[in-house]
Every structure is written in C-alpha cells, then in structure tokens.
Amino acid sequence: MKKLLPVLLLGVLVLSLTGCGRISGNVLITNEASDIYQVEEIEAAMDVAQRYFRLNFKGCTMTEIGYIGDEKWAAMEDYATEYGVDQAIVLTSTFETDRRGGDGSLNANETYRNWKWILIRDLGGEWSHADHGYG
C-alpha cells in the first residue's frame with residue numbers, strides 16, 4: 001500500500017497537467033522600448049498573462065507575447081479608468097489551438113495572433129488579469 005500511494009499521486013499530478021495551456025519552450029518575447037514601464041514591470045505583467053493562459057487555455061500553446069508599445073498609452077489610460085485603477089498595460093500574444101479548439105470555444109488547429117491581454121494594478125501593486133481577447 002505504501003508503494004501504491006506515490007504512484008497514484010504521480011498519476012493524478014500528470015493528469016491534472018495534461019489539460020492546461022502550455023507556453024512554448026521557446027516562446028518569443030517581444031518587448032517594445034518603453035518610457036512608461038521598466039522592463040521588470042513589463043515582464044511581471046507577462047508572467048501574470050502567461051500564468052492565466054496556462055490555467056485557462058487548455059489545449060493551446062502560446063508561442064509569442066509582447067508589450068503593445070507606448071504609442072497605445074491613451075488606450076491603456078482608458079482601461080485604467082474603466083477598471084478604477086492607477087495603471088493598465090496591454091500585451092499581445094500569439095497562440096495555437098489543438099484539434100479540439102482548446103476547450104472547444106476556439107477554432108480547431110488555428111493560430112491566433114494579436115490576442116490582447118489587459119492587466120491592471122494600483123501604483124506599487126501587483127498586476128492582475130482584467131480581460132483578454134480581440135478588440
């Protein structure tokens with residue numbers, strides 16, 4: 001019985017990971033130069049978006065993620081106002097779906113480009129996911 005428990009726990013762990021979204025081992029990270037955000041702030045926002053992706057985009061693989069750029073600052077200010085926070089940042093990503101279209105809500109075997117990630121925070125706070133998608 002003692003030998004069976006670790007094997008069962010390992011099996012549960014493997015099964016729980018098979019349904020998660022994946023981040024490609026060689027995901028391309030495109031950071032636009034920013035006068036607004038430091039590189040570490042952008043990377044922290046990317047970490048939040050990637051974590052959300054892994055947990056919620058089953059059957060999908062992210063291949064690229066990047067900061068949308070300072071020229072979109074007006075839109076980011078609008079998002080901050082909409083969500084009642086001090087700051088918002090917008091990232092874009094590229095990801096691929098499997099033959100089932102991820103969880104079935106996306107097109108099968110499709111590459112989605114320019115998928116937006118809106119992350120928000122108050123000054124000095126941590127980024128959190130607010131929204132994602134096209135538009």
# chains A, B, ... in the order shown; residues from 1 in each chain; ligands from 1
>>> residues_around(residues="Ile89 (chain A)", least_positions_apart="2", cutoff="9 Å", atoms="only C-alpha atoms", output="ChimeraX atom specification")
/A:37,42,45,67-68,73,76-77,79-80,87,91,117-121,127
>>> residues_around(residues="Glu32 (chain A)", least_positions_apart="2", cutoff="9 Å", atoms="only C-alpha atoms", output="VMD selection string")
chain A and resid 30 34 66 to 70
>>> select_by_dssp(residues="chain A", states="strand (DSSP E)", output="number ranges by chain")
A: 22-30, 60-67, 87-97, 111-121, 128-133
>>> write_last_selection(atoms="C-alpha atoms", output="PDB file, in the first residue's frame")
ATOM      1  CA  ARG A  22       1.171  25.446 -22.494  1.00  0.00           C
ATOM      2  CA  ILE A  23       3.826  28.056 -23.025  1.00  0.00           C
ATOM      3  CA  SER A  24       6.176  27.079 -25.820  1.00  0.00           C
ATOM      4  CA  GLY A  25       9.659  26.302 -24.552  1.00  0.00           C
ATOM      5  CA  ASN A  26      10.967  28.889 -26.984  1.00  0.00           C
ATOM      6  CA  VAL A  27       8.201  31.480 -26.646  1.00  0.00           C
ATOM      7  CA  LEU A  28       9.241  34.661 -28.432  1.00  0.00           C
ATOM      8  CA  ILE A  29       9.163  37.653 -26.103  1.00  0.00           C
ATOM      9  CA  THR A  30       8.929  40.976 -27.916  1.00  0.00           C
ATOM     10  CA  CYS A  60      -3.477  25.785 -26.536  1.00  0.00           C
ATOM     11  CA  THR A  61       0.195  26.690 -26.831  1.00  0.00           C
ATOM     12  CA  MET A  62       1.441  30.275 -26.545  1.00  0.00           C
ATOM     13  CA  THR A  63       4.285  30.983 -28.946  1.00  0.00           C
ATOM     14  CA  GLU A  64       4.764  34.762 -28.597  1.00  0.00           C
ATOM     15  CA  ILE A  65       3.996  37.537 -26.135  1.00  0.00           C
ATOM     16  CA  GLY A  66       4.965  41.209 -26.028  1.00  0.00           C
ATOM     17  CA  TYR A  67       4.213  44.714 -24.833  1.00  0.00           C
ATOM     18  CA  GLN A  87      -2.400  51.714 -14.282  1.00  0.00           C
ATOM     19  CA  ALA A  88      -3.182  49.315 -17.088  1.00  0.00           C
ATOM     20  CA  ILE A  89      -0.863  47.608 -19.521  1.00  0.00           C
ATOM     21  CA  VAL A  90      -1.743  45.853 -22.756  1.00  0.00           C
ATOM     22  CA  LEU A  91       0.185  42.894 -24.101  1.00  0.00           C
ATOM     23  CA  THR A  92      -0.360  40.926 -27.284  1.00  0.00           C
ATOM     24  CA  SER A  93       0.285  37.263 -27.872  1.00  0.00           C
ATOM     25  CA  THR A  94       0.192  34.549 -30.483  1.00  0.00           C
ATOM     26  CA  PHE A  95      -1.036  31.071 -29.650  1.00  0.00           C
ATOM     27  CA  GLU A  96      -2.086  27.882 -31.391  1.00  0.00           C
ATOM     28  CA  THR A  97      -5.039  25.643 -30.642  1.00  0.00           C
ATOM     29  CA  THR A 111      -3.184  30.319 -34.877  1.00  0.00           C
ATOM     30  CA  TYR A 112      -4.491  33.358 -33.017  1.00  0.00           C
ATOM     31  CA  ARG A 113      -2.368  36.485 -33.498  1.00  0.00           C
ATOM     32  CA  ASN A 114      -2.565  39.853 -31.731  1.00  0.00           C
ATOM     33  CA  TRP A 115      -4.593  38.386 -28.854  1.00  0.00           C
ATOM     34  CA  LYS A 116      -4.762  41.186 -26.295  1.00  0.00           C
ATOM     35  CA  TRP A 117      -4.149  40.856 -22.566  1.00  0.00           C
ATOM     36  CA  ILE A 118      -5.257  43.700 -20.311  1.00  0.00           C
ATOM     37  CA  LEU A 119      -3.568  43.764 -16.922  1.00  0.00           C
ATOM     38  CA  ILE A 120      -4.246  46.296 -14.211  1.00  0.00           C
ATOM     39  CA  ARG A 121      -2.801  47.479 -10.906  1.00  0.00           C
ATOM     40  CA  SER A 128      -3.743  41.242 -12.212  1.00  0.00           C
ATOM     41  CA  HIS A 129      -5.614  39.935 -15.230  1.00  0.00           C
ATOM     42  CA  ALA A 130      -8.582  42.107 -16.187  1.00  0.00           C
ATOM     43  CA  ASP A 131      -9.547  40.918 -19.662  1.00  0.00           C
ATOM     44  CA  HIS A 132      -8.300  39.298 -22.854  1.00  0.00           C
ATOM     45  CA  GLY A 133      -9.317  38.704 -26.468  1.00  0.00           C
TER      46      GLY A 133
END
>>> atom_distance(atom1="CA of Gly124 (chain A)", atom2="CA of Ile36 (chain A)")
14.1 Å
>>> atom_distance(atom1="CA of Asn31 (chain A)", atom2="CA of Ala44 (chain A)")
12.3 Å
>>> closest_residue(among="A:Asp47, A:Glu110, A:Asp122, A:Asp103", to="Gly84 (chain A)", atoms="only C-alpha atoms")
A:Asp122
